[in-house]
>>> print(open('upload.tsv').read())   # TSV, C-alpha atoms and all ligand atoms
chain	number	residue	atom	x	y	z
W	1	MET	CA	-72.45	-83.87	-94.00
W	2	SER	CA	-72.35	-83.05	-97.69
W	3	GLN	CA	-75.35	-83.88	-99.91
W	4	GLU	CA	-73.48	-86.88	-101.21
W	5	GLU	CA	-72.78	-88.20	-97.70
W	6	LYS	CA	-76.40	-87.67	-96.70
W	7	LEU	CA	-77.57	-89.65	-99.71
W	8	LYS	CA	-75.11	-92.43	-98.90
W	9	GLU	CA	-76.35	-92.61	-95.32
W	10	PHE	CA	-79.97	-92.68	-96.54
W	11	GLU	CA	-79.18	-95.50	-98.96
W	12	ARG	CA	-77.30	-97.41	-96.27
W	13	LYS	CA	-80.35	-97.27	-94.00
W	14	ILE	CA	-82.65	-98.46	-96.78
W	15	GLU	CA	-80.26	-101.26	-97.65
W	16	SER	CA	-79.91	-102.47	-94.06
W	17	GLY	CA	-83.69	-102.39	-93.46
W	18	GLU	CA	-83.62	-99.48	-90.97
W	19	LYS	CA	-86.68	-97.25	-91.10
W	20	ILE	CA	-86.49	-93.69	-92.39
W	21	GLU	CA	-88.04	-91.35	-89.80
W	22	PRO	CA	-89.62	-87.89	-90.37
W	23	LYS	CA	-86.60	-85.89	-89.15
W	24	ASP	CA	-84.09	-87.93	-91.15
W	25	TRP	CA	-82.66	-86.50	-94.34
W	26	MET	CA	-84.37	-87.94	-97.43
W	27	PRO	CA	-84.19	-87.24	-101.19
W	28	GLU	CA	-86.87	-84.81	-102.31
W	29	ASN	CA	-88.37	-87.40	-104.64
W	30	TYR	CA	-88.68	-89.95	-101.84
W	31	ARG	CA	-90.69	-87.36	-99.89
W	32	LYS	CA	-92.81	-86.49	-102.96
W	33	GLN	CA	-93.51	-90.12	-103.83
W	34	LEU	CA	-94.57	-90.85	-100.26
W	35	ILE	CA	-96.84	-87.81	-100.07
W	36	ARG	CA	-98.47	-88.86	-103.35
W	37	MET	CA	-98.97	-92.47	-102.41
W	38	MET	CA	-99.86	-92.08	-98.74
W	39	SER	CA	-102.34	-89.28	-99.36
W	40	GLN	CA	-103.99	-91.28	-102.15
W	41	HIS	CA	-104.20	-94.16	-99.74
W	42	ALA	CA	-105.81	-91.91	-97.07
W	43	HIS	CA	-108.30	-90.57	-99.64
W	44	SER	CA	-109.17	-94.15	-100.64
W	45	GLU	CA	-110.05	-95.05	-97.08
W	46	ILE	CA	-112.30	-91.99	-96.79
W	47	VAL	CA	-114.03	-92.32	-100.17
W	48	GLY	CA	-114.13	-96.08	-99.54
W	49	MET	CA	-116.68	-95.48	-96.78
W	50	LEU	CA	-119.28	-94.35	-99.32
W	51	PRO	CA	-120.15	-97.59	-101.16
W	52	GLU	CA	-120.62	-99.46	-97.89
W	53	GLY	CA	-122.15	-96.59	-95.91
W	54	ASN	CA	-124.89	-96.75	-98.50
W	55	TRP	CA	-126.04	-100.08	-96.97
W	56	ILE	CA	-125.90	-99.36	-93.22
W	57	THR	CA	-129.60	-98.49	-93.04
W	58	ARG	CA	-130.53	-101.52	-95.17
W	59	ALA	CA	-128.43	-104.28	-93.60
W	60	PRO	CA	-130.65	-107.37	-93.23
W	61	SER	CA	-130.23	-107.86	-89.45
W	62	LEU	CA	-129.01	-106.02	-86.37
W	63	ARG	CA	-125.87	-108.19	-86.30
W	64	ARG	CA	-125.04	-107.28	-89.90
W	65	LYS	CA	-125.78	-103.62	-89.24
W	66	LEU	CA	-123.41	-103.53	-86.25
W	67	GLY	CA	-120.68	-105.29	-88.20
W	68	LEU	CA	-120.98	-102.94	-91.15
W	69	LEU	CA	-121.16	-99.85	-88.97
W	70	ALA	CA	-117.98	-100.89	-87.16
W	71	LYS	CA	-116.23	-101.61	-90.46
W	72	VAL	CA	-117.09	-98.24	-91.98
W	73	GLN	CA	-115.95	-96.53	-88.79
W	74	ASP	CA	-112.64	-98.43	-88.99
W	75	GLU	CA	-112.10	-97.11	-92.53
W	76	ALA	CA	-112.54	-93.54	-91.24
W	77	GLY	CA	-109.90	-94.31	-88.61
W	78	HIS	CA	-107.53	-95.64	-91.27
W	79	GLY	CA	-107.96	-92.44	-93.25
W	80	LEU	CA	-107.10	-90.40	-90.17
W	81	TYR	CA	-103.96	-92.38	-89.29
W	82	LEU	CA	-102.82	-92.10	-92.89
W	83	TYR	CA	-103.41	-88.34	-93.09
W	84	SER	CA	-101.45	-87.97	-89.84
W	85	ALA	CA	-98.64	-90.16	-91.19
W	86	THR	CA	-98.56	-88.07	-94.39
W	87	GLU	CA	-98.34	-84.84	-92.38
W	88	THR	CA	-95.04	-86.07	-90.88
W	89	LEU	CA	-93.59	-85.35	-94.35
W	90	GLY	CA	-94.23	-81.62	-93.91
W	91	VAL	CA	-97.48	-81.23	-95.80
W	92	ASP	CA	-100.73	-79.85	-94.42
W	93	ARG	CA	-103.82	-82.05	-94.24
W	94	SER	CA	-106.12	-79.27	-95.50
W	95	GLU	CA	-104.01	-79.05	-98.69
W	96	LEU	CA	-104.30	-82.82	-99.22
W	97	ILE	CA	-108.05	-82.75	-98.71
W	98	GLU	CA	-108.39	-79.78	-101.04
W	99	ASN	CA	-106.62	-81.84	-103.74
W	100	LEU	CA	-109.07	-84.69	-103.25
W	101	HIS	CA	-112.06	-82.37	-103.43
W	102	ASN	CA	-110.95	-80.55	-106.57
W	103	GLY	CA	-110.20	-83.83	-108.35
W	104	LYS	CA	-106.40	-83.34	-108.56
W	105	ALA	CA	-105.55	-86.25	-106.25
W	106	LYS	CA	-106.41	-89.83	-107.02
W	107	TYR	CA	-108.07	-92.44	-104.84
W	108	SER	CA	-108.54	-96.14	-105.54
W	109	SER	CA	-110.43	-96.88	-108.75
W	110	ILE	CA	-112.49	-99.56	-106.97
W	111	PHE	CA	-114.61	-97.06	-105.07
W	112	ASN	CA	-116.15	-95.68	-108.23
W	113	TYR	CA	-118.34	-98.75	-108.70
W	114	PRO	CA	-121.87	-98.99	-107.27
W	115	THR	CA	-123.14	-101.29	-104.50
W	116	LEU	CA	-126.38	-102.56	-105.99
W	117	THR	CA	-127.38	-105.41	-103.65
W	118	TRP	CA	-126.61	-106.61	-100.12
W	119	ALA	CA	-124.27	-109.21	-101.65
W	120	ASP	CA	-121.99	-106.35	-102.75
W	121	ILE	CA	-121.20	-105.70	-99.08
W	122	GLY	CA	-119.95	-109.28	-98.74
W	123	LEU	CA	-117.93	-108.90	-101.94
W	124	ILE	CA	-116.27	-105.67	-100.79
W	125	GLY	CA	-115.16	-107.27	-97.53
W	126	TRP	CA	-113.96	-110.45	-99.16
W	127	LEU	CA	-112.37	-109.09	-102.35
W	128	VAL	CA	-111.61	-105.40	-101.79
W	129	ASP	CA	-110.36	-105.75	-98.22
W	130	GLY	CA	-108.70	-109.01	-99.28
W	131	ALA	CA	-106.79	-107.17	-102.02
W	132	ALA	CA	-106.00	-104.28	-99.68
W	133	ILE	CA	-104.50	-106.72	-97.14
W	134	ILE	CA	-102.17	-108.26	-99.72
W	135	ASN	CA	-100.94	-104.83	-100.79
W	136	GLN	CA	-100.77	-103.40	-97.28
W	137	THR	CA	-99.02	-106.33	-95.59
W	138	MET	CA	-96.21	-105.55	-98.00
W	139	LEU	CA	-96.42	-101.80	-97.26
W	140	ALA	CA	-96.32	-102.52	-93.51
W	141	LYS	CA	-92.69	-103.49	-94.14
W	142	SER	CA	-91.95	-100.38	-96.19
W	143	SER	CA	-88.98	-98.14	-95.49
W	144	TYR	CA	-90.86	-95.11	-94.13
W	145	GLY	CA	-91.44	-95.59	-90.38
W	146	PRO	CA	-94.75	-93.72	-89.83
W	147	TYR	CA	-96.37	-95.38	-92.88
W	148	SER	CA	-95.22	-98.89	-92.01
W	149	ARG	CA	-96.35	-98.55	-88.38
W	150	ALA	CA	-99.78	-97.20	-89.35
W	151	LEU	CA	-100.23	-100.17	-91.66
W	152	ILE	CA	-99.56	-102.78	-89.00
W	153	ARG	CA	-102.71	-101.76	-87.16
W	154	ILE	CA	-104.66	-101.16	-90.36
W	155	CYS	CA	-103.90	-104.69	-91.59
W	156	LYS	CA	-105.16	-106.22	-88.35
W	157	GLU	CA	-108.47	-104.42	-88.78
W	158	GLU	CA	-108.70	-105.25	-92.48
W	159	ASN	CA	-108.46	-108.93	-91.54
W	160	PHE	CA	-111.70	-108.65	-89.55
W	161	HIS	CA	-113.27	-106.88	-92.52
W	162	LYS	CA	-112.30	-109.64	-94.87
W	163	LYS	CA	-113.69	-112.30	-92.56
W	164	GLN	CA	-117.03	-110.55	-92.13
W	165	GLY	CA	-117.25	-110.16	-95.92
W	166	TYR	CA	-116.43	-113.78	-96.64
W	167	GLU	CA	-118.95	-114.87	-94.04
W	168	ILE	CA	-121.69	-112.85	-95.78
W	169	VAL	CA	-120.65	-114.34	-99.12
W	170	SER	CA	-120.58	-117.93	-97.86
W	171	LYS	CA	-123.98	-117.58	-96.15
W	172	LEU	CA	-125.55	-116.24	-99.35
W	173	ALA	CA	-123.77	-118.80	-101.52
W	174	GLY	CA	-125.18	-121.59	-99.34
W	175	GLY	CA	-128.63	-119.98	-99.10
W	176	THR	CA	-131.68	-120.00	-101.36
W	177	LYS	CA	-131.41	-120.15	-105.14
W	178	LYS	CA	-132.14	-116.42	-105.30
W	179	GLN	CA	-129.42	-115.61	-102.75
W	180	LYS	CA	-126.90	-117.75	-104.61
W	181	GLU	CA	-127.72	-115.97	-107.87
W	182	MET	CA	-127.42	-112.59	-106.17
W	183	VAL	CA	-123.97	-113.31	-104.77
W	184	GLN	CA	-122.72	-114.80	-108.06
W	185	GLU	CA	-123.95	-111.73	-109.93
W	186	ALA	CA	-122.16	-109.45	-107.46
W	187	PHE	CA	-118.98	-111.58	-107.80
W	188	ASN	CA	-119.18	-111.18	-111.58
W	189	ARG	CA	-119.21	-107.38	-111.20
W	190	TRP	CA	-116.48	-107.03	-108.52
W	191	TRP	CA	-113.88	-109.56	-109.71
W	192	TRP	CA	-112.23	-107.60	-112.51
W	193	PRO	CA	-112.28	-104.15	-110.84
W	194	THR	CA	-110.62	-105.77	-107.80
W	195	LEU	CA	-107.78	-107.08	-109.97
W	196	MET	CA	-107.36	-103.51	-111.25
W	197	MET	CA	-106.85	-102.20	-107.70
W	198	PHE	CA	-103.23	-103.42	-107.80
W	199	GLY	CA	-102.44	-100.82	-110.43
W	200	PRO	CA	-101.33	-101.04	-114.08
W	201	PRO	CA	-99.17	-103.94	-115.31
W	202	ASP	CA	-95.51	-103.61	-114.30
W	203	LYS	CA	-94.48	-102.58	-117.81
W	204	ASP	CA	-96.86	-99.57	-117.63
W	205	SER	CA	-96.19	-98.59	-114.01
W	206	PRO	CA	-94.08	-95.41	-114.02
W	207	ASN	CA	-93.61	-95.22	-110.23
W	208	SER	CA	-92.75	-98.82	-109.39
W	209	ALA	CA	-89.02	-98.78	-110.19
W	210	GLU	CA	-88.29	-95.80	-107.95
W	211	LEU	CA	-90.58	-97.03	-105.15
W	212	MET	CA	-88.98	-100.46	-105.21
W	213	LYS	CA	-85.47	-99.03	-105.26
W	214	TRP	CA	-86.30	-97.18	-102.02
W	215	LYS	CA	-88.14	-100.19	-100.55
W	216	VAL	CA	-91.42	-98.32	-100.25
W	217	LYS	CA	-92.91	-101.10	-102.35
W	218	LEU	CA	-91.30	-104.50	-101.90
W	219	ASN	CA	-93.25	-106.29	-104.62
W	220	SER	CA	-94.52	-105.23	-108.01
W	221	ASN	CA	-98.17	-104.64	-108.99
W	222	ASP	CA	-98.28	-107.85	-111.07
W	223	ASP	CA	-96.71	-109.98	-108.32
W	224	LEU	CA	-99.27	-108.83	-105.76
W	225	ARG	CA	-102.13	-109.29	-108.23
W	226	GLN	CA	-101.02	-112.88	-108.86
W	227	ARG	CA	-100.71	-113.53	-105.13
W	228	PHE	CA	-104.28	-112.29	-104.66
W	229	VAL	CA	-105.64	-114.49	-107.45
W	230	ASN	CA	-103.83	-117.56	-106.06
W	231	LEU	CA	-105.33	-116.98	-102.62
W	232	THR	CA	-108.83	-116.06	-103.73
W	233	VAL	CA	-109.67	-118.66	-106.38
W	234	PRO	CA	-109.63	-121.55	-103.86
W	235	GLN	CA	-111.86	-119.45	-101.57
W	236	ALA	CA	-114.37	-119.02	-104.41
W	237	ILE	CA	-114.27	-122.73	-105.17
W	238	ALA	CA	-114.85	-123.50	-101.46
W	239	VAL	CA	-118.20	-121.67	-101.52
W	240	ASP	CA	-119.09	-122.91	-105.00
W	241	LEU	CA	-118.85	-119.56	-106.79
W	242	LYS	CA	-117.66	-119.41	-110.37
W	243	VAL	CA	-114.81	-117.00	-111.13
W	244	PRO	CA	-116.07	-114.91	-114.10
W	245	ASP	CA	-113.04	-115.63	-116.26
W	246	PRO	CA	-113.24	-118.26	-119.04
W	247	ASP	CA	-109.43	-118.21	-119.34
W	248	LEU	CA	-108.71	-119.02	-115.70
W	249	LYS	CA	-106.57	-122.14	-115.35
W	250	TYR	CA	-104.21	-123.67	-112.85
W	251	ASN	CA	-100.59	-124.06	-113.87
W	252	GLU	CA	-99.19	-127.10	-112.07
W	253	GLU	CA	-95.61	-126.10	-112.77
W	254	THR	CA	-95.70	-122.55	-111.39
W	255	GLY	CA	-98.49	-123.13	-108.84
W	256	ASN	CA	-100.22	-120.02	-110.22
W	257	TRP	CA	-103.83	-119.55	-111.25
W	258	GLU	CA	-103.39	-117.95	-114.67
W	259	PHE	CA	-106.06	-115.42	-115.56
W	260	GLY	CA	-107.41	-113.69	-118.66
W	261	GLU	CA	-106.72	-110.23	-120.03
W	262	ILE	CA	-107.69	-107.29	-117.79
W	263	ASN	CA	-109.58	-104.47	-119.47
W	264	TRP	CA	-106.98	-101.72	-118.98
W	265	GLU	CA	-108.99	-99.28	-121.01
W	266	GLU	CA	-111.73	-99.48	-118.40
W	267	PHE	CA	-109.12	-99.02	-115.64
W	268	TRP	CA	-107.62	-95.84	-117.14
W	269	ASN	CA	-111.06	-94.48	-117.85
W	270	VAL	CA	-111.99	-94.84	-114.16
W	271	VAL	CA	-108.62	-93.44	-113.01
W	272	LYS	CA	-109.14	-90.39	-115.23
W	273	GLY	CA	-112.46	-89.62	-113.53
W	274	ASN	CA	-114.90	-91.21	-115.97
W	275	GLY	CA	-115.95	-94.31	-114.06
W	276	PRO	CA	-119.54	-95.12	-113.15
W	277	LEU	CA	-119.58	-93.02	-109.94
W	278	ASN	CA	-116.50	-90.74	-109.90
W	279	LYS	CA	-118.52	-87.54	-110.14
W	280	GLU	CA	-121.05	-88.59	-107.52
W	281	ARG	CA	-118.33	-89.69	-105.07
W	282	LEU	CA	-116.58	-86.31	-105.28
W	283	LYS	CA	-119.85	-84.43	-104.94
W	284	VAL	CA	-120.79	-86.36	-101.79
W	285	ARG	CA	-117.34	-85.68	-100.27
W	286	ASN	CA	-117.50	-81.98	-101.15
W	287	ASP	CA	-121.02	-81.62	-99.74
W	288	ALA	CA	-120.04	-83.38	-96.51
W	289	HIS	CA	-117.01	-81.10	-96.17
W	290	ASP	CA	-119.16	-77.99	-96.68
W	291	ARG	CA	-121.73	-79.19	-94.17
W	292	GLY	CA	-118.95	-79.69	-91.61
W	293	ALA	CA	-117.61	-76.12	-91.96
W	294	TRP	CA	-119.25	-75.02	-88.69
W	295	VAL	CA	-117.44	-77.79	-86.78
W	296	ARG	CA	-114.05	-76.63	-88.09
W	297	GLU	CA	-114.89	-73.01	-87.29
W	298	ALA	CA	-116.01	-73.92	-83.76
W	299	ALA	CA	-112.86	-76.00	-83.20
W	300	GLU	CA	-110.65	-73.14	-84.41
W	301	ALA	CA	-112.50	-70.60	-82.24
W	302	TYR	CA	-112.10	-72.87	-79.24
W	303	ALA	CA	-108.41	-73.42	-79.95
W	304	SER	CA	-107.68	-69.70	-80.34
W	305	LYS	CA	-109.63	-68.82	-77.17
W	306	HIS	CA	-107.83	-71.56	-75.31
W	307	SER	CA	-104.39	-70.40	-76.48
W	308	SER	CA	-105.16	-66.74	-75.59
W	309	LEU	CA	-106.03	-67.86	-72.04
W	310	ASN	CA	-102.63	-69.56	-71.63
Z	1	LIG	N1	-106.76	-96.53	-108.61
Z	1	LIG	O1	-97.03	-96.22	-111.30
Z	1	LIG	P1	-98.25	-96.88	-110.73
Z	1	LIG	C1	-108.63	-100.01	-99.36
Z	1	LIG	C2	-102.44	-94.63	-110.58
Z	1	LIG	S1	-107.32	-98.99	-99.62
Z	1	LIG	C3	-106.47	-95.25	-108.92
Z	1	LIG	O2	-98.27	-98.36	-110.73
Z	1	LIG	P2	-97.95	-96.83	-107.88
Z	1	LIG	C4	-109.15	-100.13	-97.97
Z	1	LIG	C5	-101.23	-94.25	-109.72
Z	1	LIG	O3	-101.63	-93.46	-108.61
Z	1	LIG	C6	-107.04	-99.06	-101.37
Z	1	LIG	N2	-105.27	-94.89	-109.42
Z	1	LIG	O4	-98.49	-96.30	-109.26
Z	1	LIG	C7	-110.63	-100.19	-98.00
Z	1	LIG	C8	-100.37	-93.53	-110.72
Z	1	LIG	O5	-100.84	-92.21	-110.92
Z	1	LIG	P3	-100.03	-90.91	-110.34
Z	1	LIG	C9	-106.00	-98.12	-101.73
Z	1	LIG	C10	-104.34	-95.86	-109.56
Z	1	LIG	O6	-98.16	-95.78	-106.87
Z	1	LIG	C11	-111.28	-101.38	-98.29
Z	1	LIG	C12	-100.67	-94.26	-112.02
Z	1	LIG	O7	-101.91	-94.93	-111.84
Z	1	LIG	N3	-104.71	-98.63	-101.40
Z	1	LIG	O8	-109.06	-100.57	-100.29
Z	1	LIG	C13	-104.59	-97.19	-109.23
Z	1	LIG	O9	-96.55	-97.37	-108.05
Z	1	LIG	C14	-112.68	-101.41	-98.30
Z	1	LIG	C15	-99.58	-95.25	-112.39
Z	1	LIG	O10	-99.55	-96.36	-111.48
Z	1	LIG	C16	-103.61	-97.87	-101.54
Z	1	LIG	O11	-103.68	-96.74	-101.92
Z	1	LIG	C17	-105.86	-97.52	-108.74
Z	1	LIG	N4	-106.21	-98.77	-108.40
Z	1	LIG	O12	-98.87	-98.10	-107.57
Z	1	LIG	C18	-111.36	-99.05	-97.71
Z	1	LIG	C19	-102.31	-98.53	-101.13
Z	1	LIG	N5	-103.47	-97.92	-109.50
Z	1	LIG	O13	-100.21	-90.93	-108.85
Z	1	LIG	C20	-112.77	-99.09	-97.72
Z	1	LIG	C21	-101.14	-97.65	-101.35
Z	1	LIG	C22	-102.57	-97.05	-110.00
Z	1	LIG	O14	-98.57	-91.11	-110.72
Z	1	LIG	C23	-113.40	-100.29	-98.01
Z	1	LIG	N6	-100.84	-97.45	-102.75
Z	1	LIG	N7	-103.10	-95.82	-110.05
Z	1	LIG	O15	-100.69	-89.75	-110.99
Z	1	LIG	C24	-100.19	-98.34	-103.54
Z	1	LIG	O16	-99.85	-99.43	-103.12
Z	1	LIG	C25	-99.84	-97.91	-104.92
Z	1	LIG	O17	-99.94	-96.51	-104.99
Z	1	LIG	C26	-100.70	-98.56	-106.05
Z	1	LIG	C27	-100.27	-97.95	-107.38
Z	1	LIG	C28	-100.46	-100.05	-106.08
Z	1	LIG	C29	-102.18	-98.27	-105.83
>>> encode(input="upload.tsv", output="structure tokens")
Amino acid sequence: MSQEEKLKEFERKIESGEKIEPKDWMPENYRKQLIRMMSQHAHSEIVGMLPEGNWITRAPSLRRKLGLLAKVQDEAGHGLYLYSATETLGVDRSELIENLHNGKAKYSSIFNYPTLTWADIGLIGWLVDGAAIINQTMLAKSSYGPYSRALIRICKEENFHKKQGYEIVSKLAGGTKKQKEMVQEAFNRWWWPTLMMFGPPDKDSPNSAELMKWKVKLNSNDDLRQRFVNLTVPQAIAVDLKVPDPDLKYNEETGNWEFGEINWEEFWNVVKGNGPLNKERLKVRNDAHDRGAWVREAAEAYASKHSSLN
């Protein structure tokens, strides 16, 4: 087939809802966009273990400790599926990880904020996993087969995460005065950074048009953000928490909860590496990688011995 015919066939598949598979022909930019987005997603899952891992030793009961431990372990698993899915595009995992460690690759802005109290663990499950589910249920229908299939399982697990988070939040919100204040204070800190997770407004999103044309993304950043707000505000009201937005109001006509202006300057600052914990997060990841060097060496030595015996 000529280049033109290959492109036509690719576009036909996208149009008809067939998945693109690793050995199929694809435009170079489709491959590049997927490598960028999927590897950033994998990095987010891995760095995303840090804010919660911080609380495993301090969870208030054995039940909470087990739940949190399992959640953090799930996030590691998500990172691994996503690195594997990204490798199907012909890129090596060590190169992707190197780009995370040297600060070239991005990961979600949300993981550069600190977890100051136990309530933050509830808020991450409820809001951060809640936002991730909205975004990833869409991506589970995306045009690239390995990514969409990885996300089906990931979304199922994220649903458990959200439920455990909301349970923590509702228990604290219905607890003592001090617990209620603690969870409200954590809500005040996590609300706006969670809205930023969906990415810049559509008008400032350079990648959206191309990603939507190729059905990698099926909805825009603003649409998903609005969907999240519409779902989450009633959940806050149900546990008597106040959304920290004086401009929040319900629009009867559209059925949307309209919200105030997001601080995009803060968002870009965090994305560019200057958020509250960007430097610390990268240092912890780099140190962990260095400490694990002996494991990689042992695995390589084993593999080469094994192959020489064959
Ligand atoms: N943080 O043109 P757009 C999770 C960058 S997983 C940092 O709109 P796009 C699970 C963007 O990369 C959370 N950077 O980009 C969990 C681009 O820069 P580039 C992660 C951001 O790709 C829960 C530039 O801004 N999920 O939470 C962010 O069309 C709890 C322009 O933006 C995913 O990664 C941001 N928030 O849309 C784990 C899902 N937003 O690369 C542990 C997959 C934008 O051109 C605990 N990714 N940027 O230099 C996506 O859906 C999309 O990539 C978006 C961004 C929506 C994140």
>>> residues_near_ligand(input="upload.tsv", ligand="ligand LIG 1 (chain Z)", cutoff="7 Å", atoms="all atoms listed in the file", output="PyMOL selection string")
chain W and resi 36-38+40-41+44-45+48-49+75+106-110+124-125+128-129+132+135-136+196-200+202+205-208+211+221+271
>>> atom_distance(input="upload.tsv", atom1="atom CA of Phe111 of chain W", atom2="atom CA of Gly273 of chain W")
11.5 Å
>>> closest_residue(input="upload.tsv", among="W:Asn286, W:Asn99, W:His43, W:Glu210", to="Gly77 of chain W", atoms="all atoms listed in the file")
W:His43
>>> atom_distance(input="upload.tsv", atom1="atom CA of Val243 of chain W", atom2="atom CA of Leu69 of chain W")
28.7 Å
>>> residues_around(input="upload.tsv", residues="Ala236 of chain W", least_positions_apart="3", cutoff="12 Å", atoms="only C-alpha atoms", output="short mmCIF file (atom, residue, chain, number, x, y, z; two decimals) with C-alpha atoms, in the frame of the given file")
data_model
loop_
_atom_site.label_atom_id
_atom_site.label_comp_id
_atom_site.auth_asym_id
_atom_site.auth_seq_id
_atom_site.Cartn_x
_atom_site.Cartn_y
_atom_site.Cartn_z
CA LEU W 123 -117.93 -108.90 -101.94
CA TRP W 126 -113.96 -110.45 -99.16
CA LEU W 127 -112.37 -109.09 -102.35
CA TYR W 166 -116.43 -113.78 -96.64
CA VAL W 169 -120.65 -114.34 -99.12
CA SER W 170 -120.58 -117.93 -97.86
CA ALA W 173 -123.77 -118.80 -101.52
CA VAL W 183 -123.97 -113.31 -104.77
CA GLN W 184 -122.72 -114.80 -108.06
CA PHE W 187 -118.98 -111.58 -107.80
CA ASN W 188 -119.18 -111.18 -111.58
CA TRP W 191 -113.88 -109.56 -109.71
CA VAL W 229 -105.64 -114.49 -107.45
CA ASN W 230 -103.83 -117.56 -106.06
CA LEU W 231 -105.33 -116.98 -102.62
CA THR W 232 -108.83 -116.06 -103.73
CA VAL W 233 -109.67 -118.66 -106.38
CA VAL W 239 -118.20 -121.67 -101.52
CA ASP W 240 -119.09 -122.91 -105.00
CA LEU W 241 -118.85 -119.56 -106.79
CA LYS W 242 -117.66 -119.41 -110.37
CA VAL W 243 -114.81 -117.00 -111.13
CA PRO W 244 -116.07 -114.91 -114.10
#
